[in-house]
Structures are given as C-alpha cells and as structure tokens.
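For reference, the structure is listed below as structure tokens.
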Amino acid sequence: MGIRGLIVFALLMSVSIVAQAQFGDLIKDAEKKVDNIENSGGSKKGGSLSQSEISDGLRQALQVGAKNATGKVSMANGFFGDALIKVLMPPEAKKVETALREIGMGSYVDDAILSMNRAAEDASTKALDIFVNAIKSMSIQDALSILNGGNDAATQYLKAKTTAQLTSAFKPVIQQSLDKVNATKYWATVFNTYNELPMTYNKVNPDLPAYVTDRALNGVFVYIAQEEAKIRKDPAAQVTDLLKKVFGGK
C-alpha cells in the first residue's frame, strides 16, 4: 500500500454519533403499581404486586432486553447493516471522505468503514455477561427508583453501573481489530497532522479505539432501550408470567 493509500485508510477510521433511544413509556403505568404497593404497605392486595415481584419483573425485563440487544448488535452486520448505529466517518472528517471518493479512492473508504463496524460487532459479544451481573445485583430500592424515575431511568441505571466495565472489555477487542490493519497508526499520523493545520477548526480525535469504543457502546444502549420499550408495550414480548403481571394489564 502506497503513502496515499495509507493516508486514505487513516482518514477514514472514525464513527458517527448515533441517536440515544430512551425507554419510552416504561415508567408511566408502573408508577400506578408502585402507588398501590405503597398504599398497601408493600403487600399483595387487590391484585397489586409486591415490591419484590415488581423488582423481579424489572430484572427479568432488563435481562430479556439485554440478551436481545447484545445478540442483535454482535452478529455479522449487526452494526454494519444497521443505518441507526452503523459506524461512519465523524462529521468533521466528512469533507475528507467526499474528496477521496471524488478521486476514485472510495474502496479505501468502504474498507475502512467495514473494519470499524466489524470491530464494534466483535466487542459487543463481551456485553451480555456485564449487563446480567449488573441486573442481578439490582436491589428492590434500585428497581423502585427506576419505576419512579424519568423515562430514561433504566437506561441511566445501566449506564452508570456498566459503562466502566464495558469500556474496559470493549477497548482491547477493538484495539486488536484495528491493529490488524495498522488502522490506529495511520489514524494518529494523519489526523495529528490534520489537526495542526491552521485552517482546521473542527479537530479530529486521534485516539481511534476510543472513538470506536464510544460509538459501539452507544449502539448497544440504543438497542437495550428499544428492547425494553418493546417488552413494556408489546404483550407478545412479555415472555414470562411475571413480566405479564408487571408490564401487562394496561
């Protein structure tokens, strides 16, 4: 690969920011169940659920969502084939990508984008066990706080409990995937030079593994949130009797 090819490959090592999904209406109906619990002193009465049942139901819902979400993003084309979370060039490097495609070097762009997505897919296989451990350690008070919290309370809970572990688990896998093609070396060399140009106002982060790790985590949480919302809204997704009790009966 010539110098021009190396520069091209480096310029393309990046990702796009994906939209953060939320858990939607997970909380609204659950608040009514919590009110019933508080009014009855925490016991099952008149068809209401105990605090323990609600917390167990929430744990089950989160585990179902985590399994579905991580399974989806870690499969082949889980990132690459999904426009919502696909790893792309960052906005500040878009002009560079356009210029390279115009001079017939689009194949380098495409290969680089594919390698970024494959790295994210590989890393996502590490997520499920981390999520499950965090969910199993959830206390009854944690569950009730989520149910009484805002629309993204469960998302924020899992982020707070797992982001550090997920980052530690993801980054080495992503680093290894990128190093196979010398992507990190080329990225740092080219974009450090690019950032030093006087006309460069939007700097590019030269830490490629950090970029891809961040985008991979965002993609996982997008689907955690979507799966959880589906369990809350869709009776067919309530796969256990306890889930039907907690999230059914609208």
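As shown in the structure tokens, the chain order sets the letters A, B, ...; within each chain, residues go from 1, and ligands are also counted from 1 in the order they appear.
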
Output as JSON lines one row per residue of region 108-147 of chain A within 8 Å of region 82-89 of chain A: the closest atom pair and its distance in Å to one decimal place, counting only C-alpha atoms, sorted by chain and residue number ascending.
{"residue": "A:Ile113", "atom": "CA", "partner": "A:Leu88", "partner_atom": "CA", "distance": 6.0}
{"residue": "A:Met116", "atom": "CA", "partner": "A:Val87", "partner_atom": "CA", "distance": 6.3}
{"residue": "A:Asn117", "atom": "CA", "partner": "A:Val87", "partner_atom": "CA", "distance": 5.5}

Could you save the residues just selected, with N, CA and C atoms, as a CSV table (one decimal), in the first residue's frame?
chain,number,residue,atom,x,y,z
A,113,ILE,N,-14.5,1.7,6.7
A,113,ILE,CA,-15.8,1.7,7.4
A,113,ILE,C,-16.2,0.3,7.8
A,116,MET,N,-14.2,-0.8,10.9
A,116,MET,CA,-14.7,-0.2,12.1
A,116,MET,C,-16.0,-0.9,12.7
A,117,ASN,N,-16.9,-1.2,11.8
A,117,ASN,CA,-18.1,-1.9,12.2
A,117,ASN,C,-17.8,-3.3,12.7

If you run DSSP on the backbone here, which positions in region 91-163 of chain A get helix (DSSP H, G or I)? Please write them as a VMD selection string.
chain A and resid 91 to 102 106 to 124 127 to 136 140 to 148 153 to 163

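Between Glu228 (chain A) and the candidates A:Gly57, A:Pro172, A:Pro209, A:Pro198, the tightest atom-to-atom separation, counting only C-alpha atoms, involves A:Gly57.
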
Please produce, as a tab-separated table, a per-residue contact table for region 64-173 of chain A versus region 216-221 of chain A (criterion: any atom at most 10 Å away, only C-alpha atoms considered), showing the nearest atom pair and its distance in Å to one decimal, sorted by chain then residue number.
residue	atom	partner	partner_atom	distance
A:Ala66	CA	A:Val220	CA	8.8
A:Ala69	CA	A:Val220	CA	6.6
A:Thr70	CA	A:Val220	CA	6.5
A:Gly71	CA	A:Val220	CA	9.8
A:Lys72	CA	A:Val220	CA	9.0
A:Val73	CA	A:Val220	CA	6.7
A:Ser74	CA	A:Val220	CA	9.0
A:Gly78	CA	A:Gly219	CA	9.6
A:Phe79	CA	A:Gly219	CA	7.8
A:Asp82	CA	A:Gly219	CA	9.9
A:Leu84	CA	A:Gly219	CA	8.1
A:Ile85	CA	A:Gly219	CA	5.2
A:Lys86	CA	A:Gly219	CA	8.2
A:Val87	CA	A:Ala216	CA	8.0
A:Met116	CA	A:Ala216	CA	9.5
A:Asn117	CA	A:Ala216	CA	8.5
A:Ala119	CA	A:Ala216	CA	8.7
A:Ala120	CA	A:Ala216	CA	5.2
A:Glu121	CA	A:Ala216	CA	7.8
A:Asp122	CA	A:Ala216	CA	9.9
A:Ala123	CA	A:Ala216	CA	7.8
A:Ser124	CA	A:Ala216	CA	7.3
A:Ala127	CA	A:Val220	CA	8.3
A:Thr155	CA	A:Phe221	CA	7.4
A:Gln156	CA	A:Phe221	CA	9.8
A:Leu158	CA	A:Phe221	CA	8.8
A:Lys159	CA	A:Phe221	CA	8.1
A:Thr163	CA	A:Leu217	CA	8.0
A:Leu166	CA	A:Leu217	CA	7.6
A:Thr167	CA	A:Leu217	CA	7.7
A:Phe170	CA	A:Ala216	CA	8.3
A:Lys171	CA	A:Ala216	CA	9.7

Output C-alpha atoms for every residue in the selection just made, as a short mmCIF file (atom, residue, chain, number, x, y, z; two decimals), in the first residue's frame.
data_model
loop_
_atom_site.label_atom_id
_atom_site.label_comp_id
_atom_site.auth_asym_id
_atom_site.auth_seq_id
_atom_site.Cartn_x
_atom_site.Cartn_y
_atom_site.Cartn_z
CA ALA A 66 -30.01 -7.15 27.25
CA ALA A 69 -29.95 -6.27 22.17
CA THR A 70 -26.46 -7.71 22.50
CA GLY A 71 -27.38 -10.64 20.28
CA LYS A 72 -28.55 -8.25 17.59
CA VAL A 73 -25.53 -5.94 17.53
CA SER A 74 -22.86 -8.63 17.94
CA GLY A 78 -25.13 -6.02 13.47
CA PHE A 79 -23.55 -2.60 13.16
CA ASP A 82 -27.95 -1.13 10.54
CA LEU A 84 -29.19 3.55 13.02
CA ILE A 85 -25.89 2.53 14.63
CA LYS A 86 -23.55 1.98 11.67
CA VAL A 87 -20.03 3.24 12.36
CA MET A 116 -14.72 -0.18 12.12
CA ASN A 117 -18.08 -1.92 12.20
CA ALA A 119 -14.54 -4.18 15.46
CA ALA A 120 -17.72 -2.90 17.13
CA GLU A 121 -19.54 -6.18 16.43
CA ASP A 122 -16.67 -8.23 17.86
CA ALA A 123 -16.52 -6.15 21.02
CA SER A 124 -20.26 -6.34 21.63
CA ALA A 127 -21.51 -7.03 26.84
CA THR A 155 -31.10 3.40 30.69
CA GLN A 156 -29.24 5.70 33.06
CA LEU A 158 -27.44 0.50 33.39
CA LYS A 159 -25.09 3.14 32.01
CA THR A 163 -20.10 1.80 31.34
CA LEU A 166 -17.99 -2.23 29.18
CA THR A 167 -15.30 0.25 28.17
CA PHE A 170 -14.62 -3.38 24.59
CA LYS A 171 -11.47 -1.36 24.07
#

Do you have the CA of Ser55 (chain A)-CA of Thr125 (chain A) distance handy?
26.6 Å

Calculate how many Å separate CA of Lys161 (chain A) from CA of Asp142 (chain A), rounding to one decimal.
11.4 Å

Contacts of region 133-136 of chain A within 9 Å, only C-alpha atoms, excl. fewer than 4 positions in-chain, as a ChimeraX atom specification:
/A:58-60,62-63,128-129,158,161-162

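One finds CA of Phe80 (chain A) at 20.2 Å from CA of Asn182 (chain A).
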